[in-house]
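Here is the structure we will look at, set down as structure tokens.
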Amino acid sequence: MITIDGKQIKLQIWDTAGQESFRSITRSYYRGAAGALLVYDITRRDTFNHLTTWLEDARQHSSSNMVIMLIGNKSDLEARRDVKKEEGEAFAREHGLVFMETSAKTAANVEEAFINTAKEIYQKIQDGVFDINNEANGIKIGPQHSTSSQGLPSGGGGATPGGGCC
Amino acid sequence: MAAFYGVNNKEVVRIKVKKCDGMIQPEYKKLCVDPQITSFDMLQRLLAKAFNIQQDFTISYLARDDFGREVYLSLLSDWDIDAAFLSAHMEPYLRLKVDLKPFEDTLEDWDVVPTEEYNSQTTGTKSLSSTFLDKSLLGSITGTISSQVGKTMSQVSKAIEDNRYGNATKTMMTDAEFHNFLDSVGHLVQPQQFRLSVYQGGIEPSLRKVAWRHLLNVYPEGFSGKERFEYLKRKVNEYRRICDEWRDLYANGEFAEEIKVVINMVKKDVLRTDRLHPYFEGSDDNQNVISLFNLLVTYALTHPEVSYCQGMSDIASPILVVQNDEAHAYVCFCGIMRRLRGNFSCDGVAMTTKFQHLSLFLQHQDPVFHAYMKEHQADDLFFCYRWLLLEMKREFPLDNAMYMLEVMWSSIAPDPPQDELPLVDPIYAECGMKALSMASPSPTTSVYIQLLSQRRRRSAPSSAKPVATPCDDMKTLNPDDFVEIRDDSTAVLQEKSVIIDRSLECSIEDKTNDIAQPLADLQINESSAEIETSHAQRPSLIPVQRVYDCDSSATSPPSGLNSCEEATESPPSSIEFVKVTEKPALLPPPSEFGARNPFLICLSLALLLLHRDHIIHNHMDYNELAMHFDKMVRKQNVYRVVQQAQSLYGGYLKYQQGLLDRQGGGGKV
């Protein structure tokens, strides 16, 4: 539960599996999601290299308005960094994503990542991009006219808080 | 006391009882009972009198666990009494403990509840004494069974018929009973009866180690006890050799990067698999955790086409707990993976089939609930993914899951390996561990890595075969699909499975008479309240005891819609009046249903139906449904679910029989 603009917003967050075998099920999470966090591991270039595939997958199976954040995780492991911050930023710019680096271990930027995603979604509602009466967008108005948005699958190579395979 | 060793013949059992009441000094008493006539009820009264107890109390008995350590196990039923007598038959006394503090019913974590205590869990909020009443009634039936164990199966069915309560089938299979299925040199001469018995009552924990190896198709057919022993010894050595090979390379850091990734993946999962269970708890260097790691890495490296996939640790964990030996567990794991590897395959065919069959079964069994799911775009049932992938293992506390697993395995037709169970894939057998080493002579990448990348490519979205997408629905499924994909080997298997299913069917027939309507009948079911209150009455379409008590308002339109939530969609209750006109496709035969595991589909449906009213009553949408079941992980009631699944399975078998009869195929085999 977070507050943006004086409005209470309840986020429903799903942690999806990153392994290839679970692609089919991961796809089902995109449906009805208002936002997604695409997470890679800054210490492993192969997770960065896979982003294109994941992004393609997400775009293909979600609403075209879905907010996608690009997250470079494990920022605490600066010494083992394999992907430069600039590379992440460039990828995000190129694909129209919002970029951040986080550390699930130290909690650096983790809350911000979710709050920023929610803010983006909220902005899109304000702009009339999302039709709040259509639940397929993943947004549901709760009682007392507060806004709640659901379904933020996070996926990709990096470790996301929570864990669990399926 | 002539026949001292035969527990059934023992005339007198001496009992030493210790009474504990908080901090007060324990009180001791000795007494003697006749094991032939002492029921749980009687024992309880006897002890209450002996110690002049006026309040609720619990009884436990001293037994030895697998490691020979002394443990107190709860004594809650006639089943437990039999087990207690049996455990003490070599001892001078049966040692009991009477505890004035009743069992905790507010345990935080189900993971740590030992199996033996399930009875206290299943009673829930019911008062202890009323539970005892039920138990003693059941006990008199199950008591009859245990004294006649192995004589004839018909007596078992008779007992089930007599048992109107329907929730006690048979005692767990004991060592003594198991020996009835073997001949003098240990050939398993009655494999079907063996499986039937497991199906009806599960296996006593101490016997699981041995019995599971049979259920998991470790042994080729026709082995004697001595042959099995030697075979297993050979397999154990084979495992040790393979395992040592990669561990040497690992220790020297000679692995290619891709292999290290696989190993890290296993490590990550092993460190969070069943860690609250006593077997895996404690620090990360718990030897059992390391064993699970070794076993899974060995499998991944020697089966490059399967490799490691999340969820496999859940499949291996109960097997390791039961075998309590890394090498034995590995052999069993190879046995089960022969059947389950498809679950982890990138093509998703096995999983897709299971989803389709579950959805179809739901449509057959409960068209109203199916319509509800459809209305909420949840009829793909993707929130059941974990159930189908891990064969329900994670829905129950681990110790309870073992019972569910053995019952399920017993329902699957035996599939023993031809000559012996391969511990490695042929591709590995050809290349050996060298393929994994960085120092591999191959100038490019090793075979293993090639296979790994093939796996990856196959699953890439651009080239992937479209697997079940949410919009793929059952309309595309037609009965002909089920007969096409049958080659010779599956035909043989089907034949086998029909035989075993028949034998199951015969004995559970009486029980399934309770399913009043044939499965194919589409009918709106009545309110569940009626079913719950009167067991004697013939239940309607679905004889489910729901987890949640729902009043009749659940099925009548809700009064006063006030939240915006409902304004946008019609209230779910309106589907009660929707005429279900769509006739679902036929259910596939046992050799195909649930990708050769029909009982898994029954378990899954049972779990869905047990929560049905709660779901509909709370108008749960797709996400809420998924969250609801996620919250229930490791907390489902195994006995309710298995019992319900057995009902469904019985109905399914009858339905299949009906299909065969209608086809004029000549009726029963």
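Every chain in the structure tokens has a letter given in the order shown (A, B, ...), and although residue numbers restart at 1 in each chain, ligands are simply numbered from 1 in the order shown.
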Residues of chain A that have any atom at most 8 Å from an atom of chain B: could you tabulate them with the shortest-distance atom pair and the distance in Å to one decimal, using only C-alpha atoms, ordered by chain and increasing number, as JSON lines?
{"residue": "A:Gln19", "atom": "CA", "partner": "B:Cys309", "partner_atom": "CA", "distance": 7.2}
{"residue": "A:Glu20", "atom": "CA", "partner": "B:Ser459", "partner_atom": "CA", "distance": 6.1}
{"residue": "A:Ser21", "atom": "CA", "partner": "B:Cys346", "partner_atom": "CA", "distance": 4.6}
{"residue": "A:Phe22", "atom": "CA", "partner": "B:Cys346", "partner_atom": "CA", "distance": 7.7}
{"residue": "A:Arg23", "atom": "CA", "partner": "B:Ser459", "partner_atom": "CA", "distance": 7.3}
{"residue": "A:Ser24", "atom": "CA", "partner": "B:Val467", "partner_atom": "CA", "distance": 6.5}
{"residue": "A:Ile25", "atom": "CA", "partner": "B:Phe382", "partner_atom": "CA", "distance": 6.9}
{"residue": "A:Arg27", "atom": "CA", "partner": "B:Thr469", "partner_atom": "CA", "distance": 7.8}
{"residue": "A:Ser28", "atom": "CA", "partner": "B:Pro470", "partner_atom": "CA", "distance": 6.6}
{"residue": "A:Thr53", "atom": "CA", "partner": "B:Ala460", "partner_atom": "CA", "distance": 7.0}
{"residue": "A:Glu56", "atom": "CA", "partner": "B:Pro461", "partner_atom": "CA", "distance": 7.8}
{"residue": "A:Asp57", "atom": "CA", "partner": "B:Pro461", "partner_atom": "CA", "distance": 6.3}
{"residue": "A:Asn133", "atom": "CA", "partner": "B:Thr568", "partner_atom": "CA", "distance": 7.3}
{"residue": "A:Lys140", "atom": "CA", "partner": "B:Glu565", "partner_atom": "CA", "distance": 7.6}
{"residue": "A:Ile141", "atom": "CA", "partner": "B:Glu565", "partner_atom": "CA", "distance": 7.1}
{"residue": "A:Gly142", "atom": "CA", "partner": "B:Glu565", "partner_atom": "CA", "distance": 7.1}
{"residue": "A:Pro143", "atom": "CA", "partner": "B:Ser563", "partner_atom": "CA", "distance": 6.2}
{"residue": "A:Gly151", "atom": "CA", "partner": "B:Asn623", "partner_atom": "CA", "distance": 7.9}
{"residue": "A:Cys165", "atom": "CA", "partner": "B:Gln310", "partner_atom": "CA", "distance": 5.9}
{"residue": "A:Cys166", "atom": "CA", "partner": "B:Arg386", "partner_atom": "CA", "distance": 5.8}
Grab the residues selected above and save them as a tab-separated table (two decimals), in the first residue's frame with C-alpha atoms.
chain	number	residue	atom	x	y	z
A	19	GLN	CA	13.73	-19.99	-16.05
A	20	GLU	CA	13.02	-20.79	-19.65
A	21	SER	CA	10.74	-23.71	-18.88
A	22	PHE	CA	8.31	-21.37	-17.23
A	23	ARG	CA	7.96	-19.03	-20.18
A	24	SER	CA	4.46	-20.18	-20.95
A	25	ILE	CA	3.24	-19.49	-17.45
A	27	ARG	CA	3.21	-15.05	-20.24
A	28	SER	CA	-0.06	-15.51	-18.44
A	53	THR	CA	13.88	-11.58	-25.56
A	56	GLU	CA	9.72	-8.88	-26.79
A	57	ASP	CA	7.79	-11.44	-24.79
A	133	ASN	CA	-13.29	0.82	-15.96
A	140	LYS	CA	-9.36	-1.60	-10.22
A	141	ILE	CA	-10.97	1.20	-8.30
A	142	GLY	CA	-11.30	0.22	-4.68
A	143	PRO	CA	-13.86	1.38	-2.16
A	151	GLY	CA	-0.20	-7.01	-11.44
A	165	CYS	CA	9.86	-20.68	-8.37
A	166	CYS	CA	6.30	-20.89	-9.34
Atom pair atom CA of Glu281 of chain B / atom CA of Ser317 of chain B: separation (Å): 12.6 Å
Contacts between segment 109-112 of chain A and segment 20-75 of chain A, please, where a residue of segment 20-75 of chain A counts if it comes within 10 Å (with only C-alpha atoms); show its shortest atom pair and distance in Å to one decimal, rows by chain and ascending number, as CSV.
residue,atom,partner,partner_atom,distance
A:Ile71,CA,A:Val110,CA,9.5
A:Asn73,CA,A:Val110,CA,9.2
A:Ser75,CA,A:Asn109,CA,9.6
Taking C-alpha atoms for each residue, export the selection above as a short mmCIF file (atom, residue, chain, number, x, y, z; two decimals), in the first residue's frame.
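Printed below is selection.cif as written:
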data_model
loop_
_atom_site.label_atom_id
_atom_site.label_comp_id
_atom_site.auth_asym_id
_atom_site.auth_seq_id
_atom_site.Cartn_x
_atom_site.Cartn_y
_atom_site.Cartn_z
CA ILE A 71 16.12 -2.66 -13.25
CA ASN A 73 20.00 -5.39 -9.67
CA SER A 75 24.29 -2.66 -7.32
#
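Taking atom CA of His628 of chain B as the reference point, atom CA of Phe369 of chain B is found at 16.4 Å.
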Pairwise distance for atom CA of Tyr29 of chain A and atom CA of Lys7 of chain A, rounded to one decimal in Å: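 Between atom CA of Tyr29 of chain A and atom CA of Lys7 of chain A the gap works out to 25.7 Å.
Closest approach to Thr117 of chain A among A:Gly18, A:Asp82, A:Ala92, A:Met69: A:Met69, based on only C-alpha atoms.
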Alpha helix (DSSP H) positions in chain A, given as a ChimeraX atom specification: /A:23-30,45-49,51-61,85-95,110-126
Which of A:Val83, A:Ile121, A:Gln126, A:Ile4 sits closest to Ile139 of chain A [using only C-alpha atoms]: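 Selected residue with least distance to Ile139 of chain A: A:Ile121.
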Pick from B:Pro588, B:Pro422, B:Pro416, B:Pro397 nearest to Val633 of chain B, counting only C-alpha atoms: B:Pro397
